[in-house]
Amino acid sequence: GNTDPTPANYGWTVDTTIGAPTLTGCPVSPNQSREATLSFSLGEPATFECRLNSSGWASCTSPQTYTNLADDAYTFGVRATDPAGNVSSETPCSWTVDATPPETTITSPIFAVYNVDTITIEFSSETAATFQCALDGATWSDCASPKTYDYLADGLHTFAVRASDAAGNTDPT
């Protein structure tokens with residue numbers, strides 16, 4: 001027996017797993033921006049697919065930007081495929097766009113003249129809104145409905161109230 005001094009070799013890699021992509025940028029929720037930029041990565045070579053809400057998967061790269069978003073709830077998903085063909089689980093990100101100021105409504109009282117020096121004013125707006133009130137042009141201060149003012153002097157008084165929502169929008173009127 002002669003032995004082959006240069007035997008044939010064949011090498012391969014077994015790759016049956018892939019990690020999920022990591023989101024490194026996801027919009028704050030709620031927010032006022034009509035644009036969202038989402039960043040993602042994976043610790044190995046891969047291609048990515050993204051989707052917004054219930055749309056189909058489409059090839060994408062990081063960062064992925066969406067523009068002209070309406071006031072609504074959004075769910076972004078990203079998944080990766082490695083060179084071996086392994087497809088990752090979806091990494092989601094959810095947020096709400098709210099760029100519309102809330103409307104503030106004074107619900108009572110309805111009379112223009114009172115014969116008492118105390119008044120209680122009720123007002124409302126969208127769920128989870130916070131309020132600021134001002135009497136007779138004073139500085140805005142945090143308040144809640146109903147708001148009562150005692151010991152008012154005779155004469156004309158003006159009450160103002162404005163709502164702010166969770167996204168930071170404030171009623172301009």
# chains A, B, ... in the order shown; residues from 1 in each chain; ligands from 1

call {"tool": "closest_atom_pairs", "arguments": {"of": "region 71-125 of chain A", "to": "region 31-46 of chain A", "cutoff": "12 Å", "atoms": "only C-alpha atoms", "output": "JSON lines"}}
result
{"residue": "A:Asp71", "atom": "CA", "partner": "A:Arg34", "partner_atom": "CA", "distance": 7.9}
{"residue": "A:Asp72", "atom": "CA", "partner": "A:Arg34", "partner_atom": "CA", "distance": 10.1}
{"residue": "A:Ala73", "atom": "CA", "partner": "A:Asn31", "partner_atom": "CA", "distance": 10.5}
{"residue": "A:Tyr74", "atom": "CA", "partner": "A:Ala36", "partner_atom": "CA", "distance": 10.0}
{"residue": "A:Thr75", "atom": "CA", "partner": "A:Ala36", "partner_atom": "CA", "distance": 11.2}
{"residue": "A:Phe76", "atom": "CA", "partner": "A:Leu38", "partner_atom": "CA", "distance": 8.5}
{"residue": "A:Gly77", "atom": "CA", "partner": "A:Leu38", "partner_atom": "CA", "distance": 9.9}
{"residue": "A:Val78", "atom": "CA", "partner": "A:Phe40", "partner_atom": "CA", "distance": 8.0}
{"residue": "A:Arg79", "atom": "CA", "partner": "A:Ala46", "partner_atom": "CA", "distance": 9.6}
{"residue": "A:Ala80", "atom": "CA", "partner": "A:Ala46", "partner_atom": "CA", "distance": 6.0}
{"residue": "A:Thr81", "atom": "CA", "partner": "A:Ala46", "partner_atom": "CA", "distance": 5.3}
{"residue": "A:Asp82", "atom": "CA", "partner": "A:Ala46", "partner_atom": "CA", "distance": 4.3}
{"residue": "A:Pro83", "atom": "CA", "partner": "A:Ala46", "partner_atom": "CA", "distance": 6.5}
{"residue": "A:Ala84", "atom": "CA", "partner": "A:Ala46", "partner_atom": "CA", "distance": 9.4}
{"residue": "A:Gly85", "atom": "CA", "partner": "A:Ala46", "partner_atom": "CA", "distance": 9.3}
{"residue": "A:Asn86", "atom": "CA", "partner": "A:Ala46", "partner_atom": "CA", "distance": 9.4}
{"residue": "A:Val87", "atom": "CA", "partner": "A:Ala46", "partner_atom": "CA", "distance": 9.4}
{"residue": "A:Ser88", "atom": "CA", "partner": "A:Ala46", "partner_atom": "CA", "distance": 10.0}
{"residue": "A:Glu90", "atom": "CA", "partner": "A:Phe40", "partner_atom": "CA", "distance": 11.7}
{"residue": "A:Thr91", "atom": "CA", "partner": "A:Phe40", "partner_atom": "CA", "distance": 9.2}
{"residue": "A:Pro92", "atom": "CA", "partner": "A:Leu38", "partner_atom": "CA", "distance": 10.6}
{"residue": "A:Cys93", "atom": "CA", "partner": "A:Leu38", "partner_atom": "CA", "distance": 8.7}
{"residue": "A:Ser94", "atom": "CA", "partner": "A:Leu38", "partner_atom": "CA", "distance": 10.8}
{"residue": "A:Trp95", "atom": "CA", "partner": "A:Asn31", "partner_atom": "CA", "distance": 7.9}
{"residue": "A:Thr96", "atom": "CA", "partner": "A:Asn31", "partner_atom": "CA", "distance": 6.5}
{"residue": "A:Val97", "atom": "CA", "partner": "A:Asn31", "partner_atom": "CA", "distance": 5.2}
{"residue": "A:Asp98", "atom": "CA", "partner": "A:Gln32", "partner_atom": "CA", "distance": 5.1}
{"residue": "A:Ala99", "atom": "CA", "partner": "A:Gln32", "partner_atom": "CA", "distance": 4.2}
{"residue": "A:Thr100", "atom": "CA", "partner": "A:Gln32", "partner_atom": "CA", "distance": 7.8}
{"residue": "A:Pro101", "atom": "CA", "partner": "A:Gln32", "partner_atom": "CA", "distance": 9.6}

call {"tool": "residues_around", "arguments": {"residues": "His157 (chain A)", "least_positions_apart": "2", "cutoff": "7 Å", "atoms": "only C-alpha atoms", "output": "ChimeraX atom specification"}}
result
/A:136,155,159

call {"tool": "write_last_selection", "arguments": {"atoms": "N, CA, C and O atoms", "output": "PDB file, in the first residue's frame"}}
result
ATOM      1  N   ASP A 136     -59.656  85.079  34.676  1.00  0.00           N
ATOM      2  CA  ASP A 136     -59.420  86.514  34.463  1.00  0.00           C
ATOM      3  C   ASP A 136     -58.015  86.806  33.931  1.00  0.00           C
ATOM      4  O   ASP A 136     -57.357  87.762  34.344  1.00  0.00           O
ATOM      5  N   GLY A 155     -68.603  91.698  39.414  1.00  0.00           N
ATOM      6  CA  GLY A 155     -68.074  92.143  38.129  1.00  0.00           C
ATOM      7  C   GLY A 155     -67.912  90.986  37.157  1.00  0.00           C
ATOM      8  O   GLY A 155     -68.244  89.834  37.459  1.00  0.00           O
ATOM      9  N   PHE A 159     -63.303  82.770  32.400  1.00  0.00           N
ATOM     10  CA  PHE A 159     -62.655  81.492  32.696  1.00  0.00           C
ATOM     11  C   PHE A 159     -62.158  80.892  31.383  1.00  0.00           C
ATOM     12  O   PHE A 159     -62.860  80.901  30.376  1.00  0.00           O
TER      13      PHE A 159
END

call {"tool": "atom_distance", "arguments": {"atom1": "CA of Glu103 (chain A)", "atom2": "CA of Ile119 (chain A)"}}
result
22.7 Å

call {"tool": "atom_distance", "arguments": {"atom1": "CA of Pro21 (chain A)", "atom2": "CA of Pro63 (chain A)"}}
result
12.7 Å

call {"tool": "decode", "arguments": {"residues": "region 7-118 of chain A", "atoms": "C-alpha atoms", "output": "CSV table (one decimal), in the first residue's frame"}}
result
chain,number,residue,atom,x,y,z
A,7,PRO,CA,-6.2,13.2,0.5
A,8,ALA,CA,-9.4,14.9,-0.7
A,9,ASN,CA,-11.2,17.0,2.0
A,10,TYR,CA,-14.7,18.4,2.1
A,11,GLY,CA,-15.8,20.9,4.8
A,12,TRP,CA,-19.2,22.4,5.6
A,13,THR,CA,-21.0,24.4,8.2
A,14,VAL,CA,-24.2,23.4,9.9
A,15,ASP,CA,-26.4,26.4,10.6
A,16,THR,CA,-29.9,25.6,11.8
A,17,THR,CA,-30.7,28.6,13.9
A,18,ILE,CA,-31.0,32.4,13.7
A,19,GLY,CA,-31.5,35.0,16.4
A,20,ALA,CA,-34.3,37.6,16.2
A,21,PRO,CA,-33.4,41.1,15.0
A,22,THR,CA,-32.8,43.7,17.6
A,23,LEU,CA,-34.7,47.0,17.3
A,24,THR,CA,-32.3,49.9,18.1
A,25,GLY,CA,-34.9,52.6,17.3
A,26,CYS,CA,-38.6,52.5,17.8
A,27,PRO,CA,-40.9,55.5,18.0
A,28,VAL,CA,-42.1,56.8,21.4
A,29,SER,CA,-45.9,56.2,21.9
A,30,PRO,CA,-47.9,58.2,21.6
A,31,ASN,CA,-46.1,60.9,19.6
A,32,GLN,CA,-47.0,63.7,17.2
A,33,SER,CA,-44.8,62.8,14.3
A,34,ARG,CA,-46.2,61.9,11.0
A,35,GLU,CA,-42.8,60.2,10.2
A,36,ALA,CA,-41.3,57.1,11.9
A,37,THR,CA,-37.8,55.8,11.5
A,38,LEU,CA,-37.1,52.3,12.8
A,39,SER,CA,-33.5,50.9,13.2
A,40,PHE,CA,-32.7,47.2,13.5
A,41,SER,CA,-29.7,44.9,13.4
A,42,LEU,CA,-28.7,41.3,13.7
A,43,GLY,CA,-25.3,39.9,15.0
A,44,GLU,CA,-24.7,37.9,11.8
A,45,PRO,CA,-25.0,38.5,8.0
A,46,ALA,CA,-28.7,38.5,6.9
A,47,THR,CA,-31.3,40.1,4.7
A,48,PHE,CA,-34.3,41.7,6.3
A,49,GLU,CA,-38.0,41.9,5.6
A,50,CYS,CA,-40.3,44.5,7.1
A,51,ARG,CA,-44.0,45.1,7.3
A,52,LEU,CA,-46.3,47.8,8.7
A,53,ASN,CA,-49.6,46.8,10.3
A,54,SER,CA,-51.1,43.9,8.3
A,55,SER,CA,-49.2,44.6,5.0
A,56,GLY,CA,-47.2,41.8,3.4
A,57,TRP,CA,-43.5,41.3,4.1
A,58,ALA,CA,-41.2,43.3,1.8
A,59,SER,CA,-37.4,43.5,1.6
A,60,CYS,CA,-36.0,46.4,3.7
A,61,THR,CA,-32.8,47.8,5.2
A,62,SER,CA,-32.1,49.6,8.4
A,63,PRO,CA,-33.1,52.3,9.0
A,64,GLN,CA,-36.7,51.9,7.6
A,65,THR,CA,-38.6,55.2,7.4
A,66,TYR,CA,-42.4,55.7,6.9
A,67,THR,CA,-43.8,59.1,6.1
A,68,ASN,CA,-47.2,60.8,5.9
A,69,LEU,CA,-48.6,58.7,8.8
A,70,ALA,CA,-52.1,59.5,9.8
A,71,ASP,CA,-53.4,59.6,13.4
A,72,ASP,CA,-53.6,55.9,14.2
A,73,ALA,CA,-52.0,52.9,15.9
A,74,TYR,CA,-49.1,51.2,14.1
A,75,THR,CA,-47.3,47.9,14.4
A,76,PHE,CA,-44.0,47.4,12.6
A,77,GLY,CA,-42.4,44.0,12.3
A,78,VAL,CA,-38.9,43.0,11.1
A,79,ARG,CA,-37.5,39.5,10.4
A,80,ALA,CA,-34.2,38.3,9.1
A,81,THR,CA,-33.0,35.5,6.8
A,82,ASP,CA,-29.4,34.3,7.1
A,83,PRO,CA,-27.3,32.8,4.2
A,84,ALA,CA,-28.4,29.2,5.3
A,85,GLY,CA,-32.0,30.1,4.7
A,86,ASN,CA,-33.0,30.3,8.4
A,87,VAL,CA,-35.9,32.8,9.0
A,88,SER,CA,-36.0,34.5,12.3
A,89,SER,CA,-39.1,35.2,14.4
A,90,GLU,CA,-40.6,38.7,14.0
A,91,THR,CA,-39.4,41.5,16.2
A,92,PRO,CA,-42.3,44.0,16.7
A,93,CYS,CA,-42.6,47.6,17.6
A,94,SER,CA,-45.9,49.4,18.3
A,95,TRP,CA,-46.7,53.1,18.6
A,96,THR,CA,-49.5,55.5,18.1
A,97,VAL,CA,-49.4,58.7,16.1
A,98,ASP,CA,-51.6,61.5,17.5
A,99,ALA,CA,-50.9,64.9,16.0
A,100,THR,CA,-54.4,66.3,16.4
A,101,PRO,CA,-55.0,68.7,19.4
A,102,PRO,CA,-57.8,67.7,21.7
A,103,GLU,CA,-61.0,69.7,21.9
A,104,THR,CA,-62.0,71.2,25.2
A,105,THR,CA,-65.6,71.7,26.1
A,106,ILE,CA,-67.1,73.6,29.0
A,107,THR,CA,-70.2,71.6,30.0
A,108,SER,CA,-71.5,73.9,32.8
A,109,PRO,CA,-72.5,76.4,33.9
A,110,ILE,CA,-74.8,77.9,31.3
A,111,PHE,CA,-75.9,81.2,32.9
A,112,ALA,CA,-74.3,84.5,32.3
A,113,VAL,CA,-75.1,86.2,35.6
A,114,TYR,CA,-74.9,84.8,39.1
A,115,ASN,CA,-76.0,86.2,42.5
A,116,VAL,CA,-73.4,84.2,44.5
A,117,ASP,CA,-69.6,84.6,44.9
A,118,THR,CA,-68.8,80.9,44.2
